[in-house]
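For reference, the structure is listed below as structure tokens.
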Amino acid sequence: MFPPLQDAYRIAPELVLFVFGLLVMLMDPFVPRAHRGITATIALTGAALGAAAIALPRANLGLAFNGLLRIDEFSIFLHAVVGGATLLVILGSAEYLERENLPAGEFYALVLFATAGMGVMVSAQEMVTAFIGLEISSISSYILASFRRDVPRSNESAIKYFLLGSFATAFFLYGVALGYNALGTTRLAQLHVALTSSTPGVLATLALALMMVGLCFKVAAAPFQIWTPDVYEGAPAPVAALLSTGPKAAAFGLLLRILFVAFPSQGERWLWVVWISAALTMCVGNFAALLQSNMKRLLAYSSIAHAGYILVAFAARNELGIAAVLFYLAAYALAKLGAFLLVAHLGGAGERHMEIDDFAGLGERQPVAAACFSVFLLSLLGLPVTAGFLGKFYIFKAALDSKLLWLVVLMALNSVVGAYYYLRVIVVMYMREPKDDAPPLPMSLDLGLVLLLTVAGTLFLGLLPNLVMGYATQAATSIR
Amino acid sequence: MVPSSYYLVLGAVLFGLGVIGFVVKRNIITIFMAIELMLNAVNLAFVTASRASGQLDGLVYVFFVIVVAAAEAAVGLAIIILVARNRQTLNVEHLDLLKN
Amino acid sequence: MPNTYLLTIVTFLPLAGTLALLLLRREDHEWIRRLALVTGVAEFLISLFLLRGFDPANPFYQHEEMRPWISSPPINYHLGVDGISLFLVLLTTFLTPLAMLASWKSIEHRVKEFFVMLLVLETGVVGVFVSLDLALFFFFWEVMLIPMYFLIGIWGHERRIYATVKFVLYTMFGSILMLVAILWLFNSSGKATTGGTFDLPVIQALLQAGKIPLGHTAELLLFGAFFLAFAIKVPLFPLHTWLPDAHTEAPTAGSVILAGVLLKMGTYGMLRFCLPLFPNAAREFAPYIEALAIIGIIYGALVAMVQTDLKRLVAYSSVSHLGFVVLGIFAFSPISVQGAVYQMLNHGVSTGALFLVVGMLYDRRHTHEIGEFGGLATPMPIFAALYLVACLSSLGLPMLNGFVGEFLILLGTFGAHPRAAALASTGVILSAVYLLWSYQRVIYGPVTIEKNRLLPDIDLRERVILFTLAAVMLWMGVASPMFTRRIAASSELVLNQMQRPEPQPVEATLPPAAQPLAMKADQP
Amino acid sequence: MTAGLILFFVLAAVAVGGAVALIAARHPIHSALALIVVMVALAGLYLLQGADFIAAVQIIVYGGAIMVLFVFVIMLLNAGVEERTNFSRMAPYVGLPLGIFLLLELAYWVWRAPAISRTGPAGPVDTKALANMLFNQYVFPFELTSLLILIAILGAIVLAKRES
Amino acid sequence: MRLLDHLWIIPALPLLGAALNGLFGRRWPKRTVDSVAVGSSGLAFLAVLEVIREFSRLPADQIPWTRSYFDWIVAGDFHAAFALQVDQLTVVMLLVVTGVGWLIHIYSTGYMAHEGGYTRFFACMNLFLFFMLVLVMAANFVVMFVGWEGVGLCSYLLIGFYYLKKSASDAGKKAFIVNRIGDFGFMLGMFLIFRTFGSLDMQTVFGAAALMAPEWSGGVITAIALLLFLGAIGKSAQVPLYVWLPDAMEGPTPVSALIHAATMVTAGVYMVARSHVLYEHAPLAMMVVAIVGAITALYSATIGLVQTDIKKVLAYSTVSQLGYMFLACGVGAFSAGIFHLMTHAFFKGLLFLAAGSVIHALGGEQDMRRMGGLRKRIPWTYWTMLVATLAIAGAPGFSGFFSKDAILEAAAAGQYGNLIFHILGLLTAGLTAFYMFRLLFLTFFGNSRFDEQQVHVHESPRSMLIPLAALAVLSLAGGWVAAPAYWGGTDRFEKFLNPVFVAGEKKSATALSGPFWDVFGKAMSESRAEVALVFAGIAVLVALIGFLIAWWFYIRRPQTPERLAQSFAAPYKLLLNKYYVDELYDAVIVNPLKWLSTRVLWRAVDDGVIDATVNGVAREAQRIGGRARQVQSGNTRSYAAWVIVGAVLFIAILLWPV
């Protein structure tokens, strides 16, 4: 039963990422420090090719590796999101790595590997395989979080992330094991069959609960959101950018497959978990952000809040909901990446200027950066013209289709609360005088490109969503 | 013949003890050990299920879990060393630079 | 329907102007201003073409444009104007160049951004008035918040940040629930058309034909969600407290647009959505809404009376005046509704003028405190005269615009609710009190503060602004049928649309006017 | 009560005792030793279930490699007796009771769950079949684990190496 | 071309003058300004004469002559055209307005010659004429309201003409606001008319009302009439809204003469007379009108007794005379009311102009206690003023004699007459004679009480004296048009107006044999001329008594007033302070309203409740946020505890209620 060659096409993105990760890792020692650009270029090429390689699986949809993976539009879509995020992170972090004097080769390699892991997560049909993918991305993330080795905050961020992350994955794994006990399989489709063919026992439900614990932790849903602000704050800003997008998208993808492919029959039950978690997550994220003064923490809380919004779409339990999740993930990733990478740039050497007040007068000092940042914030806030609005729009719609009126109202009110702190940042940037005359930081071409892509993407999704939403809808129907 | 549920209960107890260990212990290394304990409990569950159902898959999973645990251990301990080096403490409660 | 591009041009010309502005260097203040003004004036002139080919007898939408935009859910780029929105568009395009002219000298820093924001705002506001797709409407509705946010926040006065954040949050609070309601409506419409529709005329027709089943509670909730958004915008007592702050802190141009146009979005929304879509709920709530409107009229006037800050005073006067409009709308009488629409325009012109007047004072003295002025008739006689005209227009002197609207509203309301109209009429007395009292304190008496003695009278630019407005006030006050003739059919249609037949068997056909649209919406 | 059952209870007692000791011990080295005891006991339980290959792996990889790594690090860092700080109020007042509750809950539900019908062979696992499965059907995750280990090595190096 | 077809020209002329002066006058020399102003008003007067000439040839069935010029307000069923009309009543008003208006314009060129704001003054005066003409020519209530409010505006502007003086701008504001209270009533009246009749067109409304059976129309018509009367109370300064008129004397004297004596303040009377059909259908409203008129007449006359400011005396006198006119209307003698309106315009205009001349002569002095002995020094002024005083006091043969007499007669014997009204009227007549002669004596007789060194008394220029003379002639002879039979006349005035007033009365007259139909009425119907003569005799007698007392007090025994003031200190003070009504309004309405608005509505409700709630919600959100952040203690153990909480929670929810 050795897998056929076609399966290699189906994992082409992972292979590309893996190969280029290796390449970067191995070549880095031989690249003179003066030519660090070479490393970056290779990594970038890897990421770009990895993202482009989704064309191959797209042409070869189907199960791979004896049904361990399932390459469908859903996985393609999330591959694109994850791969795109990686591409942007790599593009946006060269300047940062240079400035902070971090080992670029290892950094890129880990990012590429992590992306491969996320790729596995979103296509996995079998839970242990998914778990390995999850661990690949997690362990890479732990390392990346502590990348500023001499910075106590970075270490602390890594150790917290590591301990709690492992803790949570243990829950996930235990859930898989219990499910295996109860239903005799760890494959999504068969789980579904087992669940529907006979009345499932308590054990299966328990298994679902534990798996949800693990994944909700990864996506930072309440009450497992607690690690997020600490980790994002301590981790190097580009890593935070990655963490808040790629692994999150992948974990949402996995959660989605579990809930919608394996456990739809339990929908009436997990609905309430998702419902309550969504409500809690939105509230905690938004309210806690109100008084936040550190930019990275603010963005962290905001990403918690957004996880809550996405869970609302889960609660909708319909196809539009799935599509909305996907669309939202893309929209959210664009804004979040742009924001975090911009923050990484503006934070200055050693990330000294991470307080919101440090952004005072940015509108005058660096109008372009401030304008881009505003676009990201407005997208996160969900104002029209930006992708965030349509994302929210779709979620509302999906949830209303399922008559989740009160959850929708709660989400609506939450987005008003959210508006307060997003707008506060804009206030600081445009309406306050700068504290001191910090000289404008020259922006590198890379970062400029990142901003161009993210802003353009945000506006593109906000104004012409048909293409992406079309893919997302296709993806939503493809998972079953 | 031991009923498989016995094994499962033992696994649950061990998993629970691991969970308790995480909140009770202060030393990072010990906490990490508690996590390893949880993974062990998982393995027990996998083996039990595998043996009960006669599938070999469960054993393969155990295999993977052990590898993952090893990888986690390598990275985790490296991070722990880094923390210990920079912060001169292994008490997790002293790591509170990042809060609120 | 024939597709024209006029409305698209009118909507997006300002945006095109901003693109041109972005090409200019930041330092070229003079050219930035000129280009912006040229854009604004061109926009106004082009918008006048809307009048051409506008058939006053046709109550339905005209100059319609319909293009698919988002395929799923089907959001269409559907634009059109009827008698209600036509003049609101014109009001917007008319006030914007004036606001620009008023900002000519008072905005000295970040000039480029300022005019960009002003133009973006214009696009947003025009978009709100011409959108016939609920989602598109909401799109513009929210978009316009951003430039306003910046206008107040960057170029405002001392407490600008508090004011602007309050403004945006208040508005968003209301509007986000409206979004929920819009989606709900969309979903309900799914029962009548495959996949549902956001298209306002179609939804309206379906609702009226009873093809979209809306339970009583559902209708109340939907109405509530829409109404809350609009009531905040209007603002209706007791949701008005953002307004004095926002107005007071905004730069002159911001206040003009805010008072002149943005508030009308609220009353426009009530007329366009609340009444025709949810007539039963509207009728049920009407007594309470009218009560609030009357409270607003009297309350706003009384509070305005005792303000010491001139701009705040004008702001509270808006609360009072918009109370009339809401009252007129919810009296459901053809006369009062037309009066309400007309009063929207009047309020835009006269309160706009008052804010411009206050702005001119601010440009000279950098204060809005009434106590800082006094005796300005001596150094600034022309200003004093034009200020008086603005006051008189605002207090509803016959032959100026304010009277016609107020009169029609009260006349129409009286027919249905004599007591309500009688109570509201006291606002007529009170408006004279606060306006004339403040006018007296600013203009009359001896010059008490030395600085005021040598204030220059208004210059040519300012004269152009105020004379234009004065001319319009007079014109609207004397030749009101030119406007109401075009308003009439559409506003009566609103009331007709409130008629609901008894629940009919399923075969009920759509009204002929809506049929082609409904079919279009059915297509993928 | 069969011998198997007795053996199970003995090993289970050892495992649970080890786990409790892990928690109770104040010095990390004691905890590490307690964990090793648990692992060995678990290996015994695997044997009892006929999974002898897994038992061997458990001893070699877990007991032999991973735990040695732990002990090594404990020694390296010269970790002393655990400080019994109590900065966290959540942990003792919420975490611990709920942790115990979770334990009981899990154990209860697992106990209550209908036993899986025993269909599998009682005899020892066919290691060859296991290998076949690992390298054929599960070759993809197997290869993935190699990536995982590569990452682990890379990470360990990046993090632990002293800056020149 | 008939001017009748272009009625708009009449109001347009002064409007043109106002526009020219308003827009360009600042750059013009004074001569041009006053040429424009006087010219336009004069032309308007000529136009009126021409219109009257053409009007007199119209067949009766074309009267009222109505011309509609453009649609002004159209909405739903409501349609208001800018329509003007001419009938006999309008003709009288037109003559008064343009005639007196023109004379006062001429007078002003002299009076205002040395004042600042010359252009502004004339622009406003012309504008006033425009609005006043619109008011009297309006063919529907909305257009009438245009004039109604417009004259109020001009009054506001002209009272506050000396805007540097706070009292002046205060007075202007007060006038406008108090008028607005009346306008509020007027508006409601219009709404009710529209609700009842579906139109605001006067012919339609009156036509419909005339056909109504009284018993049906009672409630609504009464309400309409009372609401309209509220408007009249405001505009014509009746109790309780008269307070603005005395203050309005802050304006330049020609303004007082034109607006606050001759024309604007009589608009209320005109409106009531114009709407007589409605009033005749509402006996209760009629009674209210009569009562208010009678009370006002007496009440303000008492205040006038003790005032020392020459213009204030005249102001209270005006209020009092307006009360007379309302009394006339209230008892159903509309034509008598209008007649008095006309004669009053002559003699009160003259009084004001003469007073202005006095003030002018004394360099701005208005306090009669610092006048005296001017008889010889400004003879023209003295003589004209004497004529006016005789007229107002009701000296036989003077215009006031006829009009006042007609009112008193109607008060007693009119359809709605009542002896009490008659007695009140008589009392007022006596008081009037007293205070007018008091004024005359204090000003022109005795010794001069001003500083001769400072003040250079001089007779006014010819531009002022000519209007004085003209008005004196009118005051003297203006009443003859209505000379009753016993005087040898034929009461032409009443007959002239009959088509207006009788038209509507025909139907209702029979029904009106109510409680007011007393002995005098019956007696009169039997031998009208004799009874009228008796009435006239009584009135003259009363006036004579007033005159004699004044003569006794101020010529014969000049110390008497002071002694009286001391011995009746309390009533005197009450009168001097105008019954403390201003203070009462301040204390009961103005100040509580300010307090309410500031303390309660603004500070307590707006800031304290609504905004506090809003900000409180924001604060509360932040507080919750602070709580939420507390969770983020940074302690990993706590975080782990949260994970456990979550796990337990998830399990609990999923297993619930298994």
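Order determines the names: the first chain of the structure tokens is A, the second B, and so forth; residues in each chain are numbered 1 upward, and ligands are numbered 1 upward as they are shown.
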
Proximal residues of chain D relative to chain E (only C-alpha atoms; 6 Å) as a PDB file with N, CA and C atoms, in the first residue's frame:
ATOM      1  N   SER D  88       0.054  32.486  42.630  1.00  0.00           N
ATOM      2  CA  SER D  88      -1.195  32.285  41.894  1.00  0.00           C
ATOM      3  C   SER D  88      -2.305  31.897  42.850  1.00  0.00           C
ATOM      4  N   MET D  90      -5.425  31.436  41.505  1.00  0.00           N
ATOM      5  CA  MET D  90      -6.222  30.566  40.655  1.00  0.00           C
ATOM      6  C   MET D  90      -5.812  29.108  40.818  1.00  0.00           C
ATOM      7  N   ALA D  91      -4.497  28.867  40.829  1.00  0.00           N
ATOM      8  CA  ALA D  91      -4.025  27.489  40.777  1.00  0.00           C
ATOM      9  C   ALA D  91      -4.496  26.667  41.975  1.00  0.00           C
ATOM     10  N   GLY D  95      -7.727  25.833  40.159  1.00  0.00           N
ATOM     11  CA  GLY D  95      -7.082  24.838  39.318  1.00  0.00           C
ATOM     12  C   GLY D  95      -7.036  23.472  39.986  1.00  0.00           C
TER      13      GLY D  95
END

Tell me which protein, DNA and RNA residues are within 10 Å of Phe483 of chain C, counting only C-alpha atoms, leaving out same-chain ones fewer than 6 positions away, and put them as a PDB file with N, CA, C and O atoms, in the first residue's frame.
ATOM      1  N   PRO C  56     -41.157  64.802 -12.070  1.00  0.00           N
ATOM      2  CA  PRO C  56     -41.745  65.020 -10.746  1.00  0.00           C
ATOM      3  C   PRO C  56     -42.961  64.147 -10.505  1.00  0.00           C
ATOM      4  O   PRO C  56     -43.280  63.834  -9.366  1.00  0.00           O
ATOM      5  N   GLY C  83     -37.841  61.606  -5.332  1.00  0.00           N
ATOM      6  CA  GLY C  83     -38.045  62.978  -4.880  1.00  0.00           C
ATOM      7  C   GLY C  83     -37.475  63.238  -3.509  1.00  0.00           C
ATOM      8  O   GLY C  83     -37.147  64.379  -3.168  1.00  0.00           O
ATOM      9  N   LEU C  86     -33.400  63.156  -4.013  1.00  0.00           N
ATOM     10  CA  LEU C  86     -32.851  64.062  -5.023  1.00  0.00           C
ATOM     11  C   LEU C  86     -32.256  65.318  -4.401  1.00  0.00           C
ATOM     12  O   LEU C  86     -31.091  65.654  -4.611  1.00  0.00           O
ATOM     13  N   PHE C  87     -33.068  65.971  -3.576  1.00  0.00           N
ATOM     14  CA  PHE C  87     -32.593  67.242  -3.067  1.00  0.00           C
ATOM     15  C   PHE C  87     -31.582  67.066  -1.943  1.00  0.00           C
ATOM     16  O   PHE C  87     -30.775  67.956  -1.692  1.00  0.00           O
ATOM     17  N   GLN C 338     -44.129  65.719   3.510  1.00  0.00           N
ATOM     18  CA  GLN C 338     -43.455  66.614   2.561  1.00  0.00           C
ATOM     19  C   GLN C 338     -42.768  67.748   3.288  1.00  0.00           C
ATOM     20  O   GLN C 338     -41.657  68.157   2.937  1.00  0.00           O
ATOM     21  N   VAL C 341     -39.530  66.470   4.668  1.00  0.00           N
ATOM     22  CA  VAL C 341     -38.462  66.389   3.667  1.00  0.00           C
ATOM     23  C   VAL C 341     -37.938  67.788   3.368  1.00  0.00           C
ATOM     24  O   VAL C 341     -36.725  68.032   3.298  1.00  0.00           O
ATOM     25  N   TYR C 342     -38.863  68.694   3.228  1.00  0.00           N
ATOM     26  CA  TYR C 342     -38.428  70.055   2.912  1.00  0.00           C
ATOM     27  C   TYR C 342     -37.649  70.648   4.072  1.00  0.00           C
ATOM     28  O   TYR C 342     -36.658  71.357   3.881  1.00  0.00           O
ATOM     29  N   LEU C 345     -34.034  69.894   4.102  1.00  0.00           N
ATOM     30  CA  LEU C 345     -33.226  70.772   3.254  1.00  0.00           C
ATOM     31  C   LEU C 345     -33.021  72.122   3.938  1.00  0.00           C
ATOM     32  O   LEU C 345     -31.916  72.662   3.986  1.00  0.00           O
ATOM     33  N   MET C 476     -35.733  79.473  -1.401  1.00  0.00           N
ATOM     34  CA  MET C 476     -36.483  78.323  -0.898  1.00  0.00           C
ATOM     35  C   MET C 476     -37.700  78.763  -0.099  1.00  0.00           C
ATOM     36  O   MET C 476     -38.664  78.018   0.029  1.00  0.00           O
TER      37      MET C 476
ATOM     38  N   ILE E  73     -46.809  77.784  -1.274  1.00  0.00           N
ATOM     39  CA  ILE E  73     -46.591  76.518  -0.587  1.00  0.00           C
ATOM     40  C   ILE E  73     -47.608  75.526  -1.115  1.00  0.00           C
ATOM     41  O   ILE E  73     -48.801  75.783  -1.100  1.00  0.00           O
ATOM     42  N   VAL E  74     -47.085  74.399  -1.583  1.00  0.00           N
ATOM     43  CA  VAL E  74     -47.974  73.360  -2.077  1.00  0.00           C
ATOM     44  C   VAL E  74     -47.513  72.045  -1.488  1.00  0.00           C
ATOM     45  O   VAL E  74     -46.333  71.709  -1.563  1.00  0.00           O
TER      46      VAL E  74
END

Spatial neighbours of Asp606 of chain E, 12 Å, only C-alpha atoms, chain gap at least 3 places, as a PyMOL selection string:
(chain C and resi 237-245+296+299-300+302-304+316) or (chain E and resi 597-603+609-615)

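With only C-alpha atoms as the basis for measurement, D:Phe8 is the residue among D:Phe87, D:Phe8, D:Phe53, D:Phe135 that approaches Ser5 of chain B most closely.
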
Find the residues near Tyr422 of chain A: any atom within 7 Å, counting only C-alpha atoms, skip ones fewer than 3 places away on the same chain, and give them as a count of residues only.
6

Residue list for chain C near chain A as a ChimeraX atom specification, 7 Å, only C-alpha atoms
/C:70-71,139,142-143,153-154,161,169,172-173,176-177,180,183-184,187

With a distance threshold of 8 Å and counting only C-alpha atoms, extract the residues of chain A near chain D and express them as a ChimeraX atom specification.
/A:1-3,65-66,68,106,110,113,129,132-133,135-136,139-140,143,146-147,149,181-182,201-203

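Omitting Leu6 of chain C and its sequence neighbours fewer than 6 positions away, and counting only C-alpha atoms, the residues within 12 Å are Phe12, Leu13, Glu43, Leu45, Ile46, Ser47, Leu48, Phe49, Leu50, Leu51, Arg52, Gly53, Gln62, His63, Glu64, Glu65, Leu79, Gly80, Val81 and Val130 of chain C.
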
Residue neighbourhood Ala235 of chain A, 8 Å, only C-alpha atoms, exclusion window fewer than 5 positions, as a count of residues only:
10

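Near Leu90 of chain B, within 7 Å and counting only C-alpha atoms, sit B:Asn27, B:Ile28, B:Ala84, B:Val92, not including residues fewer than 2 positions from it in the same chain.
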